[in-house]
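A.B. asks: Attaching a single structure in structure tokens format; questions to follow.
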Amino acid sequence: MKKNFFIIIFLVIGLTQKSFAYSSDPKQFIQEIVDEAKKVLIDTNSKEYKTKKLSEMALRTVDILGIAYYSIGNYRKELNEEQMKEYLTLFEKYFLKSFTSRLTDYSEPKINVISTEVLNPKYTIVKSILLATDKKPEVKIEWRVYTKNPDKPLIRDLIIEGLSLARTQKEEFASVIETNDGDVTKLFITLKEFVTK
Amino acid sequence: MIRKLVYITIIGLLLQINAVTAGTEGSEEMSGSDSKTSTNECFEGFSRAMFKFNHALDGALFEPVSKGYRTLPVGLRKGTSNVIGNLRSLLTLSNNILQGDLERAGNTAGRFVINTTVGILGIFDPAANVFGLEARGKEDFGQTIGVWGSNSGCYFVLPILGPTTARDAVGLVGNMFLDPIYQITHNSEINNGVIGNGNYSEHNYYYYRGTGAVDFRAKNIESFDSLEENSIDLYASVKSLYIQNRNKRIANSTSAVETQDDSDWEEIDTN
């Protein structure tokens with residue numbers, strides 16, 4: 001009886017881990033994410049369901065911590081430990097809301113993953129195309145994949161038609177801080193407002 | 001005269017939407033590792049005020065027009081987009097030549113000839129679909145000055161015309177001299193006796209540019225909505241996208257790798 005119990009536990013853990021395991025090959029990794037997102041973004045799913053599932057996906061596949069550091073740039077050196085902790089917590093909420101909001105309006109997007117370009121051992125760019133619809137033109141999407149740990153690639157940026165979302169976000173954060181005379185805590189307030197709106 | 005001013009105002013408004021939504025070109029300043037080194041502002045207070053003004057006009061006028069345009073049949077919109085693109089390619093051709101890029105100039109010229117004839121005044125795109133001559137991107141005089149080595153200069157927002165830089169503002173003026181469509185339509189009014197029937201008068205130029213702007217806006221309704229919804233500082237987002245896009249266009253880059261700088265990311269790894 002006890003033996004059966006352990007077998008069941010192992011099976012459950014094994015199956016669960018398998019469903020969350022992505023390929024270590026960057027191109028295949030992105031293809032799996034695209035396929036998973038397509039299943040989530042079908043019309044019959046509610047917006048709440050899509051948001052929940054996309055958030056879970058992002059937590060597994062996006063280097064949110066890395067993007068948080070990148071976005072605040074050199075201003076992070078001005079934060080003490082407690083402020084940094086607050087920033088990272090806020091950023092994750094902000095990122096997930098922004099990320100899911102951008103995607104939930106898409107209905108079963110058709111994305112073809114085309115090729116990869118290895119920049120260096122830490123970064124690979126995966127190139128893909130979001131196919132045109134009656135309303136929207138074709139869009140080139142490049143995924144900056146962080147491969148420092150080759151067994152667990154993570155997304156660090158989306159570059160849409162050559163325009164980096166991470167860089168745009170970084171510029172935005174800097175603008176908020178600079179227009180408030182360099183007061184980083186004003187960024188926290190702005191992020192809180194975004195998260196709660 | 002009043003009619004002319006109205007046309008100029010309307011086309012300007014539409015072009016501003018085009019510029020805002022398109023984002024645009026980048027400049028060398030963006031490659032620094034810190035956002036503080038990004039393109040400087042000329043007069044930020046004025047620019048932010050103009051941005052609000054332009055944004056309000058977009059919401060009141062051009063977004064609704066674009067949504068109406070979106071309801072037209074796909075074939076009609078596609079044909080319109082092709083015709084506008086075909087006419088716009090003449091400005092690209094002038095700049096291809098000025099940039100010394102004869103290969104692209106040949107491609108642009110070939111596409112124009114084929115699409116204007118076989119493609120029935122540019123409605124269809126047999127140059128790409130039959131002859132394999134794909135469009136290689138638009139060029140303007142701001143890009144040409146960039147290719148010649150000019151820095152972007154400071155960034156500002158023009159009323160109606162939207163985001164620009166010192167370099168690109170000069171480019172806007174240069175475009176008038178380099179765009180054959182502008183020259184044909186505007187000179188025809190002066191020499192109306194020669195042209196004779198007024199078919200090429202100025203307002204046709206503004207119809208052409210206005211239709212192009214509406215077509216572009218209609219293709220990007222969701223993108224702009226998403227940007228607006230997810231920005232904590234829309235002005236800064238548009239500026240960043242504008243600069244990045246201009247850099248990309250000046251470099252004629254087809255890959256993010258060529259215009260995006262890794263140094264910011266490297267910095268993270270060392271901390």
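Ordering of the structure tokens sets the chain letters (A, B, ...), residue numbers begin anew at 1 in every chain, and ligands are numbered from 1 in the order given.
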Which residues in stretch 3-194 of chain A does DSSP call helix (DSSP H, G or I)? List them as number ranges by chain.

C.D. replies: A: 3-20, 26-40, 47-61, 64-78, 81-104, 165-178, 184-194

A.B. asks: Just list the residues in stretch 85-214 of chain B DSSP gives strand (DSSP E or B) on the backbone, as a ChimeraX atom specification.

C.D. replies: /B:155-158,162-165

A.B. asks: Could you name the residues that touch B:Phe43 at 10 Å or less, counting only C-alpha atoms, but leaving out those on the same chain fewer than 4 positions away, as a list in words?

C.D. replies: Ser47, Arg48, Cys154, Tyr155, Phe156 and Val157 of chain B

A.B. asks: Put those residues in a file: C-alpha atoms, as a compact mmCIF listing (two decimals), in the first residue's frame.

C.D. replies:
```
# COMPACT_ATOMS: atom_id res chain seq x y z
CA SER B 47 7.43 68.50 -26.94
CA ARG B 48 5.32 66.86 -24.25
CA CYS B 154 18.18 66.46 -30.48
CA TYR B 155 14.66 65.03 -30.34
CA PHE B 156 11.46 67.04 -30.37
CA VAL B 157 7.80 66.77 -31.26
```

A.B. asks: Which residue gives the smallest distance to A:Val139 among B:Pro163, B:Ile120, B:Lys219, B:Thr144, with only C-alpha atoms counted?

C.D. replies: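 Closest to A:Val139 of all the choices is B:Lys219.
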
A.B. asks: Please determine, counting only C-alpha atoms, which residue among B:Arg217, B:Arg104, B:Arg167, B:Lys52 has the shortest atom-to-atom distance to B:Ser81.

C.D. replies: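 Comparing B:Arg217, B:Arg104, B:Arg167, B:Lys52 against B:Ser81, the winner is B:Arg217.
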
A.B. asks: Name all residues at most 9 Å from stretch 82-95 of chain A (count only C-alpha atoms; drop same-chain ones fewer than 4 positions away) and give them as number ranges by chain.

C.D. replies: A: 64-65, 68-69, 76, 99-100, 185, 187-188, 191-192, 194-195

A.B. asks: Of the candidates A:Leu59, A:Ile30, A:Asp181, A:Asp105, which one gets nearest to A:Ser46 if we count only C-alpha atoms?

C.D. replies: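 When distances to A:Ser46 are compared using only C-alpha atoms, the smallest one comes from A:Asp105.
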